[in-house]
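K.L.:
The structure's right below; bear with me while I get my questions together.
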Amino acid sequence: MIDTFAALAHGMAVAIQPMNLLYALIGVFLGTAVGVLPGIGPALTVALLLPVTYKLDPGGSLIMFAGIYYGGMYGGSTTAILINTPGESASMATALEGNKMAKAGRGGPALATSAIGSFVAGTIATIGLAFLAPWLVDFAVRFGPEDYFALMCVAFVTVSATFGDSPIRGLTSLFIGLTLGLIGIDKLTGQARLAFGIPELLDGVEVTTLAVGLFAVGEALYVASRRHHTEEKLEPVHGSLWMTTEDWKRSWKPWLRGTMFGFPIGALPAGGAEIPTFLSYSTEKRLTKHPEEFGKGAIEGVAGPEAANNASAAGTLVPLLTLGLPTSATAAMMLAGFQQYGLNPGPLLFAERPDLVWGLIASLFIANAMLLVLNLPLVGLWVRLLAIPQPWLYAGILVFATMGTIAAKPSVVELSMLAGFGVLGFLMRRFDFPIAPVVVGLILGPIAESQLRRALAISLGDPMTLLQSPISATLLGIALIALLAPFVLKGLGRFKANED
Amino acid sequence: MTSVDPAHSRRRVDRAGLVIAALLAGLAAVLVWDARGLPSTGMYGMGPEAMPVVVASGLALLAIGNFIDALRGNLPARESADPVPVVLILVGLALLIAIIGFGGGFILATSALFVTTSAAFGRRAILADSIIALVMSTLIYLAFDRLLTLSLPAGPLERLL
C-alpha cells in the first residue's frame with residue numbers, strides 16, 4: 001500500500017517534468033484529433049501515431065502514448081454522438097442514446113456527460129490500476145514458462161471465441177494472426193519459416209504494418225465499397241454545452257456504475273469493452289426513472305456506457321503492464337509501442353524500469369485531466385474536423401497510413417504487404433470476421449510458442465509439465481471451458497429452438 | 001417435432017463461404033509444406049517445425065467449420081458492394097508502391113494515392129485535388145523529414161526543397 005503511494009509519487013515526479021507534460025499535451029491533442037475522425041477507433045489512432053513517437057526517448061514516447069490512447073477514446077465518443085458512426089464497437093452503446101440526444105438539440109450535454117464521465121471513470125480506474133498492478137506483479141513473478149503459455153491460451157480463446165458472434169469466425173481470425181506470427185526467423189534455432197526466400201520476410205510481419213493495413217486501409221476500402229448505402233449526417237451542436245443540475249443528478253450514478261462494470265471486466269484477460277458498455281447500457285435502462293426517454297436520447301444511456309468504456313480501457317492496461325498480455329486491439333498496439341524500444345511489459349519491467357512504468361501510470365492521470373480541460377472548450381474545433389468532406393478525409397487517412405510504413409521501411413515488399421493487409425481487412429469486414437484477434441494472434445503467437453518451447457525444454461520434452469503446474473492446469477481448464485462454452489450454448493439454443 | 005421447415009432446408013449454399021474455406025485449407029497446406037523443409041532438431045521439446053503443424057491443424061479444422069457454415073448458408077447477410085471505388089483505391093496503392101520503388105519520392109507517391117482515393121469517394125475535380133495533394137504532401141514531408149527527422153524517401157521534387 002505504502003509502496004504504491006511512493007511509486008506513484010515517484011511516477012508523478014517523472015510525469016510533471018515540463019518536457020513530459022508537453023509530450024502528454026501533444027499526445028492528448030493528436031489523439032483526440034485523429035480519434036475524432038469517423039471510422040478511426042483508438043487502436044488505429046495509436047497505430048497511426050506510432051511513427052510520430054519513433055525518435056523520442058522511451059519515457060517521453062510512452063507518456064505521449066498514454067495521451068494518444070485516452071485522447072483517441074475521447075475523440076471516438078465525440079464522433080459517436082455527433083454522427084452516429086462509432087469507430088469501434090465499444091462506442092456503439094454511446095452512439096445509441098448520444099446521437100438521439102444530439103438530434104434533439106442536446107448534443108452539448110451529451111458531449112459534456114461523456115467527457116466528465118470519462119474523466120471520473122478514467123481516474124477511478126487508473127487508481128485501480130495503480131493498486132492492482134503491484135499485487136498482480138507479485139503473483140506473476142511466480143509464473144513459469146508453462147504458466148505463461150496457459151495464460152496466453154486463455155487470452156487467445158477469450159479474445160476470439162467467447163464473446164464474438166461466431167466462435168468459428170473469431171477463431172479463423174485468430175489463426176490467420178497466428179500464421180502471420182510464424183513468418184520469419186525462428187528465434188531459437190535461426191531457421192527461416194514461411195519466408196519463401198524474400199529477405200524482407202525474415203524479420204517477420206511488423207505489427208504496425210498489419211494493424212494499419214487491416215484497420216485504416218481496410219476501413220477505407222470498405223467504406224468506399226458501400227458509399228452508396230449510407231449517408232453520414234453531422235448533428236450540429238447548438239445550445240448550451242453545460243449540463244443542468246438535473247443532468248448532473250442523472251449522470252453521476254451511471255458514471256460510477258459504468259466504472260464498476262468497466263474496470264474489472266477490462267482487467268480480466270477476457271478483453272473487450274463491448275460487454276461492460278452494453279451491460280452498463282442495459283442496467284441504466286432498467287434503473288432509470290425516465291424509461292420513456294430511452295431510445296429517444298436519455299442522458300443515463302450516454303453517461304454509463306462512456307464511463308464503462310473508459311474504465312475498461314484502463315482495465316486492459318492491468319494485464320498488459322503486469323503480464324505483457326494484450327487483450328484488445330488497442331492494448332496490442334500499446335505493446336507494439338513498448339516493443340519498438342525493446343521493452344517487454346511484465347513483472348521484470350516493474351522491477352527494472354519503475355520510472356517508465358509509474359511515469360506512464362502517472363501520465364494517465366495527467367492526460368485524463370488535460371482531456372477534460374481541453375475537450376469541452378475545444379469541442380467546436382473537433383466538430384469542424386468532422387466536417388471534412390469524405391473524399392479528402394479518407395484520402396488523407398490513407399496518405400497518413402502509408403506514411404508510417406514509408407518512414408519505417410520504405411521498401412516495395414513492405415508497402416505491398418500493407419496493401420495486401422488492406423485487402424484482407426476489407427474482405428474480413430465484408431464477410432464479418434472480427435479483426436482484433438488477427439492482431440492479438442500476430443503479437444501473442446510467437447510469445448506463446450517460445451514460452452511453450454521453453455517449458456518443454458525444461459521438462460525434457462514431457463508435455464505433462466503443462467498439467468503439473470497448478471496455475472497452468474487451472475488456466476488451461478479455463479481456456480478449454482471458454483472454448484467449448486459458446487458451442488455448447490449454441491447447441492442448447494438450437495435444441496430449444498427445435499423444441500418449440 | 002421433426003417437421004423440416006422448407007425455407008430452411010432450401011437455404012442457399014454460400015459460394016463466398018466455400019471460397020473462404022478453400023483458402024483456409026490451402027493456407028494449412030502451405031504451412032505443412034513449408035514446415036517439411038525445416039530440419040527437425042535433436043534437442044528436447046519442440047523444434048521449429050512443430051508450431052506450424054499445430055497452426056495448420058487448426059486452420060484445417062476451421063476450414064471444415066467454415067465449409068459447414070457455408071453449406072448451411074449460415075454467413076451473415078451482406079449488402080451489395082460497389083467494386084469500382086475499391087479498384088480505384090487499389091490502383092492508387094499500386095501507383096504509390098511503383099513510384100516509391102522507382103525512386104519518384106514521397107511527395108509524388110502520396111499525391112497519387114490522395115487523388116485516386118478522393119476520386120474513389122466520388123470527387124471529380126482531379127486538377128484541384130492534385131494541387132491540394134501536392135501542397136499537403138510537401139508540408140507533411142517538410143514537417144516529418146526536417147522537423148521530426150524521420151527519413152522519407154526523396155525523389156526529384158524532394159531534392160528541390
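Labeling convention for the C-alpha cells: chains A, B, ... as they appear, residues from 1 per chain, ligands from 1 in order of appearance.
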Give me the residues within 9 Å of region 212-227 of chain A as an MDAnalysis selection string, counting only C-alpha atoms and dropping any in the same chain fewer than 6 places off.
P.N.:
(chainID A and resid 39:41 43:44 47:48 394:395 397:398 401:402 404:405 417:430 435 439) or (chainID B and resid 79:87 89:90 117 120:121)
K.L.:
Restricted to C-alpha atoms, what would the selected residues look like written as a PDB file, in the first residue's frame?
P.N.:
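Saved file selection_5.pdb follows:
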```pdb
ATOM      1  CA  GLY A  39     -14.161   5.291 -38.672  1.00  0.00           C
ATOM      2  CA  ILE A  40     -10.971   5.677 -36.660  1.00  0.00           C
ATOM      3  CA  GLY A  41     -11.011   3.982 -33.271  1.00  0.00           C
ATOM      4  CA  ALA A  43      -6.411   1.208 -31.870  1.00  0.00           C
ATOM      5  CA  LEU A  44      -5.926   2.812 -35.256  1.00  0.00           C
ATOM      6  CA  ALA A  47      -1.136   2.656 -34.814  1.00  0.00           C
ATOM      7  CA  LEU A  48      -1.150   5.770 -36.998  1.00  0.00           C
ATOM      8  CA  TYR A 394     -10.203   9.119 -46.439  1.00  0.00           C
ATOM      9  CA  ALA A 395      -7.548  10.272 -48.934  1.00  0.00           C
ATOM     10  CA  ILE A 397      -6.156   8.923 -43.793  1.00  0.00           C
ATOM     11  CA  LEU A 398      -4.561   6.718 -46.455  1.00  0.00           C
ATOM     12  CA  ALA A 401      -1.400   5.480 -43.004  1.00  0.00           C
ATOM     13  CA  THR A 402       1.121   4.757 -45.761  1.00  0.00           C
ATOM     14  CA  GLY A 404       4.047   5.417 -41.268  1.00  0.00           C
ATOM     15  CA  THR A 405       5.196   2.427 -43.293  1.00  0.00           C
ATOM     16  CA  MET A 417       2.181  -6.147 -47.516  1.00  0.00           C
ATOM     17  CA  LEU A 418       0.380  -3.037 -46.266  1.00  0.00           C
ATOM     18  CA  ALA A 419      -1.838  -3.081 -49.364  1.00  0.00           C
ATOM     19  CA  GLY A 420      -2.366  -6.840 -49.012  1.00  0.00           C
ATOM     20  CA  PHE A 421      -3.413  -6.481 -45.365  1.00  0.00           C
ATOM     21  CA  GLY A 422      -5.754  -3.704 -46.506  1.00  0.00           C
ATOM     22  CA  VAL A 423      -7.462  -6.114 -48.906  1.00  0.00           C
ATOM     23  CA  LEU A 424      -7.590  -8.725 -46.122  1.00  0.00           C
ATOM     24  CA  GLY A 425      -9.166  -6.159 -43.767  1.00  0.00           C
ATOM     25  CA  PHE A 426     -11.714  -5.233 -46.437  1.00  0.00           C
ATOM     26  CA  LEU A 427     -12.687  -8.875 -47.026  1.00  0.00           C
ATOM     27  CA  MET A 428     -12.873  -9.576 -43.297  1.00  0.00           C
ATOM     28  CA  ARG A 429     -15.215  -6.622 -42.788  1.00  0.00           C
ATOM     29  CA  ARG A 430     -17.308  -7.675 -45.759  1.00  0.00           C
ATOM     30  CA  ILE A 435     -10.269  -8.025 -36.801  1.00  0.00           C
ATOM     31  CA  VAL A 439      -3.517  -8.506 -34.335  1.00  0.00           C
TER      32      VAL A 439
ATOM     33  CA  GLU B  79     -25.101  -5.644 -48.581  1.00  0.00           C
ATOM     34  CA  SER B  80     -24.204  -5.066 -52.196  1.00  0.00           C
ATOM     35  CA  ALA B  81     -20.718  -3.662 -52.711  1.00  0.00           C
ATOM     36  CA  ASP B  82     -19.516  -1.368 -55.457  1.00  0.00           C
ATOM     37  CA  PRO B  83     -16.224  -2.717 -56.874  1.00  0.00           C
ATOM     38  CA  VAL B  84     -15.221   0.448 -58.792  1.00  0.00           C
ATOM     39  CA  PRO B  85     -14.034   2.561 -55.820  1.00  0.00           C
ATOM     40  CA  VAL B  86     -12.221  -0.418 -54.322  1.00  0.00           C
ATOM     41  CA  VAL B  87     -10.296  -0.943 -57.561  1.00  0.00           C
ATOM     42  CA  ILE B  89      -8.010   2.832 -54.290  1.00  0.00           C
ATOM     43  CA  LEU B  90      -6.001  -0.301 -55.071  1.00  0.00           C
ATOM     44  CA  THR B 117      -8.718   7.815 -53.195  1.00  0.00           C
ATOM     45  CA  ALA B 120     -12.915   6.739 -55.399  1.00  0.00           C
ATOM     46  CA  PHE B 121     -15.048   8.639 -52.905  1.00  0.00           C
TER      47      PHE B 121
END
```
K.L.:
Find the residues near region 191-202 of chain A: any atom within 9 Å, counting only C-alpha atoms, skip ones fewer than 6 places away on the same chain, and give them as an mmCIF file with N, CA and C atoms, in the first residue's frame.
P.N.:
```
data_model
loop_
_atom_site.group_PDB
_atom_site.id
_atom_site.type_symbol
_atom_site.label_atom_id
_atom_site.label_comp_id
_atom_site.auth_asym_id
_atom_site.auth_seq_id
_atom_site.Cartn_x
_atom_site.Cartn_y
_atom_site.Cartn_z
ATOM 1 N N LEU A 180 0.470 -15.508 -39.479
ATOM 2 C CA LEU A 180 1.339 -14.366 -39.776
ATOM 3 C C LEU A 180 2.476 -14.291 -38.767
ATOM 4 N N LEU A 182 4.062 -16.696 -37.514
ATOM 5 C CA LEU A 182 5.099 -17.707 -37.772
ATOM 6 C C LEU A 182 6.139 -17.225 -38.767
ATOM 7 N N ILE A 183 5.754 -16.226 -39.598
ATOM 8 C CA ILE A 183 6.644 -15.780 -40.663
ATOM 9 C C ILE A 183 7.934 -15.205 -40.064
ATOM 10 N N GLY A 184 9.072 -15.583 -40.659
ATOM 11 C CA GLY A 184 10.339 -15.002 -40.236
ATOM 12 C C GLY A 184 11.266 -16.032 -39.609
ATOM 13 N N ILE A 185 12.369 -15.503 -39.059
ATOM 14 C CA ILE A 185 13.380 -16.387 -38.484
ATOM 15 C C ILE A 185 12.933 -16.881 -37.120
ATOM 16 N N SER A 411 10.214 0.034 -48.374
ATOM 17 C CA SER A 411 10.502 -0.979 -49.383
ATOM 18 C C SER A 411 9.224 -1.391 -50.079
ATOM 19 N N VAL A 413 8.296 -4.347 -50.862
ATOM 20 C CA VAL A 413 7.677 -5.511 -50.227
ATOM 21 C C VAL A 413 6.805 -5.087 -49.050
ATOM 22 N N GLU A 414 7.352 -4.193 -48.202
ATOM 23 C CA GLU A 414 6.600 -3.769 -47.018
ATOM 24 C C GLU A 414 5.313 -3.045 -47.421
ATOM 25 N N VAL B 30 0.025 -24.936 -47.269
ATOM 26 C CA VAL B 30 1.279 -24.192 -47.431
ATOM 27 C C VAL B 30 2.120 -24.302 -46.153
ATOM 28 N N LEU B 31 1.457 -24.187 -44.980
ATOM 29 C CA LEU B 31 2.176 -24.266 -43.707
ATOM 30 C C LEU B 31 2.869 -25.619 -43.552
ATOM 31 N N ASP B 34 5.774 -25.925 -45.953
ATOM 32 C CA ASP B 34 6.927 -25.142 -45.527
ATOM 33 C C ASP B 34 7.615 -25.802 -44.330
ATOM 34 N N ALA B 35 6.794 -26.357 -43.405
ATOM 35 C CA ALA B 35 7.368 -26.962 -42.198
ATOM 36 C C ALA B 35 8.169 -28.212 -42.545
ATOM 37 N N LEU B 38 11.840 -27.798 -42.880
ATOM 38 C CA LEU B 38 12.646 -27.425 -41.716
ATOM 39 C C LEU B 38 13.277 -28.663 -41.097
ATOM 40 N N PRO B 39 14.550 -28.603 -40.765
ATOM 41 C CA PRO B 39 15.178 -29.753 -40.134
ATOM 42 C C PRO B 39 14.644 -29.922 -38.719
ATOM 43 N N PRO B 48 11.430 -26.124 -34.534
ATOM 44 C CA PRO B 48 10.727 -25.034 -35.212
ATOM 45 C C PRO B 48 9.582 -25.523 -36.093
ATOM 46 N N GLU B 49 9.549 -26.827 -36.410
ATOM 47 C CA GLU B 49 8.526 -27.309 -37.341
ATOM 48 C C GLU B 49 7.222 -27.664 -36.621
ATOM 49 N N PRO B 52 4.171 -24.657 -36.703
ATOM 50 C CA PRO B 52 3.429 -24.534 -37.967
ATOM 51 C C PRO B 52 2.447 -25.680 -38.175
#
```
K.L.:
Could you name the residues that touch region 288-291 of chain A at 10 Å or less, counting only C-alpha atoms, but leaving out those on the same chain fewer than 5 positions away, as a compact mmCIF listing (two decimals) with N, CA and C atoms, in the first residue's frame?
P.N.:
```txt
# COMPACT_ATOMS: atom_id res chain seq x y z
N ARG A 250 -28.72 13.05 -12.86
CA ARG A 250 -28.99 11.81 -13.57
C ARG A 250 -27.71 11.14 -14.06
N PRO A 254 -24.80 6.69 -12.94
CA PRO A 254 -24.35 5.89 -14.10
C PRO A 254 -22.84 5.91 -14.29
N THR A 283 -28.25 -1.94 -17.77
CA THR A 283 -28.51 -1.64 -16.36
C THR A 283 -29.16 -0.28 -16.21
N LYS A 296 -34.80 7.56 -27.13
CA LYS A 296 -35.04 8.90 -27.69
C LYS A 296 -33.97 9.86 -27.22
N ALA A 298 -31.64 9.40 -23.79
CA ALA A 298 -31.58 9.50 -22.33
C ALA A 298 -30.14 9.71 -21.91
N ILE A 299 -29.92 10.68 -21.03
CA ILE A 299 -28.55 11.04 -20.67
C ILE A 299 -27.86 9.89 -19.92
N GLU A 300 -28.63 9.08 -19.16
CA GLU A 300 -28.03 7.94 -18.46
C GLU A 300 -27.39 6.97 -19.45
N GLY A 301 -28.02 6.83 -20.63
CA GLY A 301 -27.54 5.89 -21.64
C GLY A 301 -26.25 6.35 -22.29
```
K.L.:
What is the distance between CA of Phe338 (chain A) and CA of Gly177 (chain A), in Å to one decimal?
P.N.:
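Taking CA of Phe338 (chain A) as the start and CA of Gly177 (chain A) as the end point, the length is 19.7 Å.
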K.L.:
Could you give me, as a ChimeraX atom specification, the residues within 9 Å of Ile99 (chain B), counting only C-alpha atoms and dropping anything in the same chain fewer than 4 positions from it?
P.N.:
/B:94-95,103-106,108-109,112
K.L.:
Smallest atom-to-atom distance to chain B: which of A:Pro51, A:Pro276, A:Pro377, A:Gly342, using only C-alpha atoms?
P.N.:
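Looking only at the distances to chain B, the closest residue turns out to be A:Pro51.
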K.L.:
Separation of CA of Leu480 (chain A) and CA of Leu348 (chain A), in Å?
P.N.:
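Taking CA of Leu480 (chain A) as the start and CA of Leu348 (chain A) as the end point, the length is 28.9 Å.
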K.L.:
Which residue gives the smallest distance to His10 (chain A) among A:Pro264, A:Pro58, A:Pro354, A:Pro109, with only C-alpha atoms counted?
P.N.:
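That would be A:Pro354, the residue with the smallest distance to His10 (chain A).
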K.L.:
Within 9 Å of Leu37 (chain A), counting only C-alpha atoms, which residues show up once you throw out same-chain ones fewer than 4 positions away? Write them as number ranges by chain, please.
P.N.:
A: 32-33, 41, 75-76, 79, 87, 382, 385-386, 388, 393
K.L.:
DSSP on the backbone: what in region 26-115 of chain A comes out alpha helix (DSSP H), as a PyMOL selection string?
P.N.:
chain A and resi 26-35+42-49+58-83+92-103+107-115
K.L.:
Taking only C-alpha atoms into account, which of B:Leu142, B:Leu93, B:Pro156, B:Ser57 comes nearest chain A?
P.N.:
B:Leu93
K.L.:
Counting only C-alpha atoms, which of B:Ala128, B:Leu134, B:Ile107, B:Leu113 gets nearest to chain A?
P.N.:
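Between B:Ala128, B:Leu134, B:Ile107, B:Leu113, the residue approaching chain A most closely is B:Leu113.
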K.L.:
Closest to Ala273 (chain A) among A:Leu256, A:Met12, A:Ile116, A:Ala331, using only C-alpha atoms?
P.N.:
A:Ala331
